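**Q** If you scroll down you'll find the structure; I have some questions about it.
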Amino acid sequence: MKTVQLHYIFFICFFISFVTLHAQQQKRIEIEYSGFLTFDEANYPGAKVLTRDDSGQIHIIHEGVNMWCDQAIHYGKEDFIEAYGHVKMKQGDTINMDAKYVEYSGKTKLAFASGDVVLTEPSSVLTTDTLYFDRAKQQAFYKSGGTVVRDSSGTITSRIGRYYMNVKKYQFVRDVNLVNPEYVLNTEQLDYYTDNALAYMYGPSTITGETSKIYCERGFYDTKNDIGYFIKNSRIDYDNRTVEGDSLYFNRNTSFASATNNITVTDTLNKSVIRGHYAEVYRAKDSVFITKRALAISVQEKDSLYIHGDTLMVTGKPEHRITRAFRNVKMYKTDMSGKADSIHVDQSSGLTQLINLSRLNVKDNFAVKRRPILWNYDNQMTGDTIHIKSHPKKERLDSLIVFDNAFIISKDTVGKGFNQITGQKLYGLFNDENQLRQVDIVRNAESIYYARNEKQELIGIEKSKSANIVILFSGNEINELRKVNQVDGTLYPESKYPANARKLRGFDWREEERPTSVEDLFKDDPPLNLPIIKGLEPYVPQEEFFDEALLKRAEHAEESNKAKNLQEPSKASRHLPSQDSIPKPNAPLKPQDKLPTPLKRAN
């Protein structure tokens, strides 16, 4: 019984040894077919010279790879082959490579191809002059310039490139250029996935189309669907507009873009800028929507106009831009500021409208309605609607109209009283210094006026009613008050004028609301909480193709040669560059980094 068991154990051990030995033998390069076999010890010591015949090419196999060529030098002891003439290499059903010359080592599993190299996989075709193919890592690599063509995405060229077969990904480095019928993409590094045509850009990158140009230093682009996402100094230029933000989204099909955080939209034609922290841009409709600390700036040489609201919209063609601001709107210039529920600015005509919505007014009949308000130097003006007209080219104010319930207030120059005029409508004219020079109050005009002499001594307080009132200003002060069709009017000594009668009905002094700087426009805003933009992962430098694992395999091949008493250095490592000669992805090009000449037969 013990003898049978011993024989059984011996048989199992022998079988395992036989299978292991057979498997090891299968790992060597095999010649499946060759037309002619010769030897040339003078030129190819220890090698077989294989040549095709009329029936077909030489067929070589190794671990799932098939290779065909017109002539081959097979170094059996080194498990190494040199293939010449119409070389074809096929791995499975997906990878095909054509070249004029190929070297392949069964020990390192590294193929070196040169001369019109074409690597084909189901979604793309790579062409280059020299290509390394590491079967152990399933990666292909070129460093002397290459081109990848994909029908739906276009043509990609780069100085350095690598193809990761397991994940179907290309990584292009240096002078990367993607040419598509709709646009041209330039970047420093591009990671491109052939299955879904997704591209990831790193470093200064531009996407230039017929109607737009995109810049970023890190970005993603779906080349099949023309959709992109860009971060880090991202910018879109189109139709005299520039959109900048921490994060940009772009859809070329719909000409739509959105931006998040620290956004600036510059209109170079109309010299205007809008800012905020969320924006949407519709190119086809020529409109911009922006919110979160939204600010519109009409850039002028002397004094820019700033408008802030919860939401801003800019619409219309460049020659007729319209800016609309909604909810809690404030405006500021050094010589004028205002507030309203909404503000409407027509840049071509120079008309600015301040509008309040009745639905937002208080329901209390005894409360003062919050009407649009305008401050010009020492004058406060309110009414149901206010229109300001300016000269767009001359960059100065022209006139204003206050529609219904017009009320103008200015503080008495010396005392604590207020000069007041109210009526149905107000028409104002400005001088060249953007100061009111004349104001006409039309219909049902009433006034309270603190009259002073040249020494600024109070003469009395005048209260009057008339059909119209004309006010003439000198500088910022009232110089003359004219009543047209005066109904009544009395000049009272200050001591004779009741304190509770010194304000007209509807009096509402709102100096505390007046913006006196750009920063004041935001003082009533709630705290700003911006979203954290995670976006794309930071740039990771390309790892070395000729890494330690590959160099270790070449070292083992060298040791194997020595063990077999072979005098020549291992052919498996003769095309492996030294680490110093491998161009780093971000290093400047050296003179020696030029396209190599085609290899000749080994001597």
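By order in the structure tokens, chains are A, B, ...; within a chain, residues start at 1; ligands start at 1, following the order shown.
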As a ChimeraX atom specification, please: the residues near A:Gly489 (cut-off 8 Å, only C-alpha atoms, same-chain neighbours under 6 positions excluded).
**A** /A:462-465
**Q** Please write the residues from the selection above to a file, keeping N, CA and C atoms, as an mmCIF file, in the first residue's frame.
**A**
```
data_model
loop_
_atom_site.group_PDB
_atom_site.id
_atom_site.type_symbol
_atom_site.label_atom_id
_atom_site.label_comp_id
_atom_site.auth_asym_id
_atom_site.auth_seq_id
_atom_site.Cartn_x
_atom_site.Cartn_y
_atom_site.Cartn_z
ATOM 1 N N GLU A 462 -40.075 129.952 3.939
ATOM 2 C CA GLU A 462 -41.163 130.226 2.996
ATOM 3 C C GLU A 462 -41.882 128.929 2.652
ATOM 4 N N LYS A 463 -43.194 128.990 2.751
ATOM 5 C CA LYS A 463 -44.024 127.862 2.328
ATOM 6 C C LYS A 463 -44.980 128.367 1.263
ATOM 7 N N SER A 464 -45.038 127.638 0.142
ATOM 8 C CA SER A 464 -45.864 128.130 -0.955
ATOM 9 C C SER A 464 -46.491 126.984 -1.726
ATOM 10 N N LYS A 465 -47.520 127.319 -2.516
ATOM 11 C CA LYS A 465 -48.160 126.406 -3.442
ATOM 12 C C LYS A 465 -48.280 127.104 -4.784
#
```
**Q** With DSSP run on the backbone, what are the helix (DSSP H, G or I) residues within stretch 280-405 of chain A? I'd like them as a PDB file with N, CA, C and O atoms, in the first residue's frame.
**A**
```
ATOM      1  N   PRO A 318     -24.270  93.723 -29.435  1.00  0.00           N
ATOM      2  CA  PRO A 318     -23.279  94.688 -28.929  1.00  0.00           C
ATOM      3  C   PRO A 318     -23.664  96.140 -29.149  1.00  0.00           C
ATOM      4  O   PRO A 318     -23.371  96.991 -28.316  1.00  0.00           O
ATOM      5  N   GLU A 319     -24.332  96.417 -30.272  1.00  0.00           N
ATOM      6  CA  GLU A 319     -24.687  97.813 -30.552  1.00  0.00           C
ATOM      7  C   GLU A 319     -25.920  98.273 -29.772  1.00  0.00           C
ATOM      8  O   GLU A 319     -26.279  99.450 -29.817  1.00  0.00           O
ATOM      9  N   HIS A 320     -26.582  97.345 -29.069  1.00  0.00           N
ATOM     10  CA  HIS A 320     -27.770  97.723 -28.297  1.00  0.00           C
ATOM     11  C   HIS A 320     -27.882  96.863 -27.048  1.00  0.00           C
ATOM     12  O   HIS A 320     -28.804  96.073 -26.877  1.00  0.00           O
ATOM     13  N   SER A 358     -45.007  97.865  -7.067  1.00  0.00           N
ATOM     14  CA  SER A 358     -46.051  98.169  -6.079  1.00  0.00           C
ATOM     15  C   SER A 358     -46.317  97.008  -5.145  1.00  0.00           C
ATOM     16  O   SER A 358     -46.666  97.195  -3.986  1.00  0.00           O
ATOM     17  N   ARG A 359     -46.129  95.791  -5.634  1.00  0.00           N
ATOM     18  CA  ARG A 359     -46.413  94.626  -4.789  1.00  0.00           C
ATOM     19  C   ARG A 359     -45.451  94.508  -3.621  1.00  0.00           C
ATOM     20  O   ARG A 359     -45.717  93.792  -2.653  1.00  0.00           O
ATOM     21  N   LEU A 360     -44.316  95.209  -3.713  1.00  0.00           N
ATOM     22  CA  LEU A 360     -43.339  95.147  -2.622  1.00  0.00           C
ATOM     23  C   LEU A 360     -43.526  96.272  -1.610  1.00  0.00           C
ATOM     24  O   LEU A 360     -42.834  96.304  -0.602  1.00  0.00           O
TER      25      LEU A 360
END
```
**Q** Which polymer residues have any atom within 6 Å of an atom of A:Lys339, counting only C-alpha atoms, with same-chain residues fewer than 3 positions away left out, as a PyMOL selection string?
**A** chain A and resi 329-330+372-373
**Q** Could you pull the residues within 7 Å of stretch 443-452 of chain A, counting only C-alpha atoms, minus those fewer than 5 positions along the same chain, as a PyMOL selection string?
**A** chain A and resi 412+419-424+457-469
**Q** Any chance you could list, as a VMD selection string, the residues in stretch 436-547 of chain A that come up strand (DSSP E) when DSSP is run on the backbone?
**A** chain A and resid 436 to 452 458 to 474 477 to 492
**Q** Would you export the selected residues with N, CA and C atoms as a compact mmCIF listing (two decimals), in the first residue's frame, please?
**A**
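Ended up saving to out.txt:
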```
# COMPACT_ATOMS: atom_id res chain seq x y z
N LEU A 436 -26.91 119.34 -11.03
CA LEU A 436 -28.19 119.89 -11.45
C LEU A 436 -28.08 121.40 -11.63
N ARG A 437 -28.49 121.88 -12.79
CA ARG A 437 -28.48 123.33 -13.02
C ARG A 437 -29.90 123.90 -13.03
N GLN A 438 -30.89 123.04 -13.32
CA GLN A 438 -32.27 123.49 -13.31
C GLN A 438 -33.19 122.30 -13.05
N VAL A 439 -34.21 122.56 -12.21
CA VAL A 439 -35.24 121.57 -11.92
C VAL A 439 -36.60 122.22 -12.07
N ASP A 440 -37.46 121.58 -12.84
CA ASP A 440 -38.84 122.05 -12.98
C ASP A 440 -39.78 121.05 -12.31
N ILE A 441 -40.60 121.56 -11.35
CA ILE A 441 -41.63 120.74 -10.73
C ILE A 441 -42.95 121.11 -11.38
N VAL A 442 -43.62 120.11 -11.95
CA VAL A 442 -44.80 120.36 -12.77
C VAL A 442 -46.05 119.85 -12.06
N ARG A 443 -47.06 120.74 -11.94
CA ARG A 443 -48.39 120.46 -11.40
C ARG A 443 -48.38 120.22 -9.89
N ASN A 444 -49.27 120.93 -9.25
CA ASN A 444 -49.49 120.79 -7.79
C ASN A 444 -48.20 120.90 -7.01
N ALA A 445 -47.40 121.91 -7.35
CA ALA A 445 -46.10 122.08 -6.69
C ALA A 445 -46.27 122.72 -5.32
N GLU A 446 -45.55 122.17 -4.35
CA GLU A 446 -45.49 122.75 -3.01
C GLU A 446 -44.03 122.83 -2.61
N SER A 447 -43.71 123.82 -1.77
CA SER A 447 -42.32 123.97 -1.37
C SER A 447 -42.21 124.53 0.03
N ILE A 448 -41.16 124.14 0.69
CA ILE A 448 -40.70 124.76 1.94
C ILE A 448 -39.25 125.14 1.70
N TYR A 449 -38.95 126.45 1.88
CA TYR A 449 -37.62 126.94 1.49
C TYR A 449 -37.07 127.83 2.60
N TYR A 450 -35.83 127.53 3.01
CA TYR A 450 -35.16 128.33 4.04
C TYR A 450 -34.38 129.44 3.33
N ALA A 451 -34.93 130.65 3.38
CA ALA A 451 -34.35 131.79 2.67
C ALA A 451 -33.24 132.42 3.50
N ARG A 452 -32.09 132.62 2.89
CA ARG A 452 -30.93 133.22 3.57
C ARG A 452 -30.35 134.34 2.71
N LEU A 458 -30.43 133.50 8.21
CA LEU A 458 -31.77 133.05 7.88
C LEU A 458 -32.74 134.23 7.87
N ILE A 459 -33.36 134.46 6.73
CA ILE A 459 -34.36 135.52 6.61
C ILE A 459 -35.70 135.02 7.09
N GLY A 460 -36.03 133.81 6.71
CA GLY A 460 -37.30 133.24 7.11
C GLY A 460 -37.52 131.92 6.40
N ILE A 461 -38.64 131.29 6.73
CA ILE A 461 -39.02 130.02 6.10
C ILE A 461 -40.23 130.27 5.24
N GLU A 462 -40.08 129.95 3.94
CA GLU A 462 -41.16 130.23 3.00
C GLU A 462 -41.88 128.93 2.65
N LYS A 463 -43.19 128.99 2.75
CA LYS A 463 -44.02 127.86 2.33
C LYS A 463 -44.98 128.37 1.26
N SER A 464 -45.04 127.64 0.14
CA SER A 464 -45.86 128.13 -0.95
C SER A 464 -46.49 126.98 -1.73
N LYS A 465 -47.52 127.32 -2.52
CA LYS A 465 -48.16 126.41 -3.44
C LYS A 465 -48.28 127.10 -4.78
N SER A 466 -48.08 126.34 -5.85
CA SER A 466 -48.19 126.93 -7.19
C SER A 466 -48.42 125.81 -8.19
N ALA A 467 -48.69 126.22 -9.43
CA ALA A 467 -48.87 125.22 -10.47
C ALA A 467 -47.55 124.52 -10.77
N ASN A 468 -46.51 125.32 -10.98
CA ASN A 468 -45.18 124.78 -11.28
C ASN A 468 -44.15 125.56 -10.48
N ILE A 469 -42.98 124.95 -10.32
CA ILE A 469 -41.85 125.63 -9.67
C ILE A 469 -40.61 125.37 -10.51
N VAL A 470 -39.84 126.43 -10.74
CA VAL A 470 -38.57 126.32 -11.43
C VAL A 470 -37.46 126.65 -10.44
N ILE A 471 -36.50 125.71 -10.31
CA ILE A 471 -35.38 125.91 -9.38
C ILE A 471 -34.11 126.06 -10.20
N LEU A 472 -33.37 127.12 -9.96
CA LEU A 472 -32.08 127.33 -10.60
C LEU A 472 -30.99 127.13 -9.57
N PHE A 473 -29.97 126.32 -9.94
CA PHE A 473 -28.89 126.00 -9.02
C PHE A 473 -27.62 126.73 -9.41
N SER A 474 -26.84 127.05 -8.43
CA SER A 474 -25.49 127.58 -8.63
C SER A 474 -24.55 126.66 -7.85
N GLU A 477 -25.99 124.55 -4.73
CA GLU A 477 -26.94 125.26 -3.89
C GLU A 477 -28.05 125.88 -4.74
N ILE A 478 -29.23 126.03 -4.13
CA ILE A 478 -30.34 126.68 -4.81
C ILE A 478 -30.04 128.17 -4.91
N ASN A 479 -30.08 128.67 -6.14
CA ASN A 479 -29.79 130.09 -6.38
C ASN A 479 -31.06 130.90 -6.52
N GLU A 480 -32.10 130.27 -7.10
CA GLU A 480 -33.34 131.00 -7.34
C GLU A 480 -34.49 130.02 -7.38
N LEU A 481 -35.64 130.48 -6.84
CA LEU A 481 -36.86 129.69 -6.83
C LEU A 481 -37.95 130.51 -7.51
N ARG A 482 -38.48 130.00 -8.63
CA ARG A 482 -39.53 130.72 -9.34
C ARG A 482 -40.83 129.93 -9.25
N LYS A 483 -41.89 130.62 -8.84
CA LYS A 483 -43.21 129.97 -8.78
C LYS A 483 -44.04 130.43 -9.96
N VAL A 484 -44.61 129.50 -10.66
CA VAL A 484 -45.46 129.80 -11.80
C VAL A 484 -46.91 129.57 -11.39
N ASN A 485 -47.75 130.61 -11.58
CA ASN A 485 -49.17 130.55 -11.16
C ASN A 485 -49.27 130.19 -9.68
N GLN A 486 -48.60 131.03 -8.87
CA GLN A 486 -48.58 130.77 -7.43
C GLN A 486 -49.97 130.93 -6.84
N VAL A 487 -50.39 130.00 -6.04
CA VAL A 487 -51.68 130.05 -5.36
C VAL A 487 -51.56 130.82 -4.06
N ASP A 488 -50.59 130.46 -3.27
CA ASP A 488 -50.29 131.22 -2.04
C ASP A 488 -48.86 130.99 -1.67
N GLY A 489 -48.36 131.86 -0.83
CA GLY A 489 -47.00 131.74 -0.36
C GLY A 489 -46.72 132.77 0.72
N THR A 490 -46.11 132.31 1.78
CA THR A 490 -45.83 133.21 2.91
C THR A 490 -44.43 132.94 3.42
N LEU A 491 -43.72 134.05 3.74
CA LEU A 491 -42.40 133.94 4.35
C LEU A 491 -42.56 134.19 5.84
N TYR A 492 -42.29 133.15 6.62
CA TYR A 492 -42.46 133.23 8.06
C TYR A 492 -41.10 133.41 8.75
```
**Q** Have a look at atom CA of A:Tyr332 and atom CA of A:Val299 and let me know their distance in Å, one decimal.
**A**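 Taking atom CA of A:Tyr332 as the start and atom CA of A:Val299 as the end point, the length is 12.4 Å.
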**Q** Neighbouring residues of A:Ser390 were defined as those with any atom within 9 Å, considering only C-alpha atoms; residues of the same chain fewer than 2 positions away were excluded. Please report them as a list in words.
**A**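 Counting only the stated atoms, we get Ser349, Gly350, Leu351, Thr352, Ile388, Pro392, Lys393, Lys394, Glu395, Arg396, Leu397, Asp398, Ser399 and Leu400 of chain A.
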**Q** Please build the interface table for stretch 105-194 of chain A against stretch 60-73 of chain A with a cut-off of 12 Å, listing for each qualifying residue the nearest atom pair and the distance in Å to one decimal; count only C-alpha atoms, order rows by chain and increasing number, and write it as CSV.
**A**
```
residue,atom,partner,partner_atom,distance
A:Ser105,CA,A:His62,CA,9.8
A:Gly106,CA,A:His62,CA,7.3
A:Lys107,CA,A:His62,CA,10.7
A:Lys109,CA,A:His62,CA,9.2
A:Leu110,CA,A:His62,CA,11.8
A:Ala111,CA,A:Val65,CA,11.0
A:Phe133,CA,A:Val65,CA,11.9
A:Arg135,CA,A:Val65,CA,9.3
A:Ala136,CA,A:Glu63,CA,10.9
```
**Q** Tell me, as a PyMOL selection string, which residues lie within 8 Å of stretch 75-86 of chain A, counting only C-alpha atoms; anything in the same chain fewer than 6 positions away does not count.
**A** chain A and resi 28-29+46-48+68-69+98-107+557+561+570-572
**Q** Mind checking which residues fall within 9 Å of A:Met336, counting only C-alpha atoms, ignoring those fewer than 3 positions away in the same chain, and posting them as a list in words?
**A** Leu305, Met331, Tyr332, Lys333, Leu374, Trp375, Asn376, Tyr377 and Asn434 of chain A
**Q** Take the residues just selected and output them with N, CA, C and O atoms as a PDB file, in the first residue's frame.
**A**
```
ATOM      1  N   LEU A 305     -19.899 103.914 -13.599  1.00  0.00           N
ATOM      2  CA  LEU A 305     -21.171 103.680 -12.929  1.00  0.00           C
ATOM      3  C   LEU A 305     -21.215 102.239 -12.445  1.00  0.00           C
ATOM      4  O   LEU A 305     -20.987 101.307 -13.219  1.00  0.00           O
ATOM      5  N   MET A 331     -27.141 101.791  -7.044  1.00  0.00           N
ATOM      6  CA  MET A 331     -26.192 102.269  -8.034  1.00  0.00           C
ATOM      7  C   MET A 331     -25.307 103.339  -7.403  1.00  0.00           C
ATOM      8  O   MET A 331     -25.702 104.023  -6.452  1.00  0.00           O
ATOM      9  N   TYR A 332     -24.087 103.476  -7.949  1.00  0.00           N
ATOM     10  CA  TYR A 332     -23.162 104.458  -7.371  1.00  0.00           C
ATOM     11  C   TYR A 332     -22.255 105.054  -8.448  1.00  0.00           C
ATOM     12  O   TYR A 332     -21.705 104.332  -9.282  1.00  0.00           O
ATOM     13  N   LYS A 333     -22.165 106.375  -8.440  1.00  0.00           N
ATOM     14  CA  LYS A 333     -21.135 107.156  -9.117  1.00  0.00           C
ATOM     15  C   LYS A 333     -20.671 108.173  -8.097  1.00  0.00           C
ATOM     16  O   LYS A 333     -21.355 108.446  -7.123  1.00  0.00           O
ATOM     17  N   LEU A 374     -32.863 108.851  -5.686  1.00  0.00           N
ATOM     18  CA  LEU A 374     -31.649 109.274  -6.386  1.00  0.00           C
ATOM     19  C   LEU A 374     -31.015 110.397  -5.585  1.00  0.00           C
ATOM     20  O   LEU A 374     -31.702 111.326  -5.138  1.00  0.00           O
ATOM     21  N   TRP A 375     -29.691 110.289  -5.404  1.00  0.00           N
ATOM     22  CA  TRP A 375     -28.947 111.355  -4.738  1.00  0.00           C
ATOM     23  C   TRP A 375     -27.970 111.975  -5.740  1.00  0.00           C
ATOM     24  O   TRP A 375     -27.230 111.249  -6.418  1.00  0.00           O
ATOM     25  N   ASN A 376     -28.001 113.310  -5.849  1.00  0.00           N
ATOM     26  CA  ASN A 376     -27.041 114.029  -6.671  1.00  0.00           C
ATOM     27  C   ASN A 376     -26.466 115.151  -5.831  1.00  0.00           C
ATOM     28  O   ASN A 376     -27.163 116.120  -5.521  1.00  0.00           O
ATOM     29  N   TYR A 377     -25.220 114.985  -5.429  1.00  0.00           N
ATOM     30  CA  TYR A 377     -24.575 115.916  -4.510  1.00  0.00           C
ATOM     31  C   TYR A 377     -25.448 116.076  -3.268  1.00  0.00           C
ATOM     32  O   TYR A 377     -25.685 115.106  -2.552  1.00  0.00           O
ATOM     33  N   ASN A 434     -21.916 117.421 -14.230  1.00  0.00           N
ATOM     34  CA  ASN A 434     -22.913 116.459 -13.718  1.00  0.00           C
ATOM     35  C   ASN A 434     -23.628 116.966 -12.475  1.00  0.00           C
ATOM     36  O   ASN A 434     -24.070 116.183 -11.629  1.00  0.00           O
TER      37      ASN A 434
END
```
**Q** Between atom CA of A:Glu210 and atom CA of A:Asp237, measure the distance and give it in Å to one decimal.
**A** 11.1 Å
**Q** Between A:Leu504, A:Leu190, A:Leu429, A:Leu354, which has the minimum distance to A:Arg327 (counting only C-alpha atoms)?
**A** A:Leu354
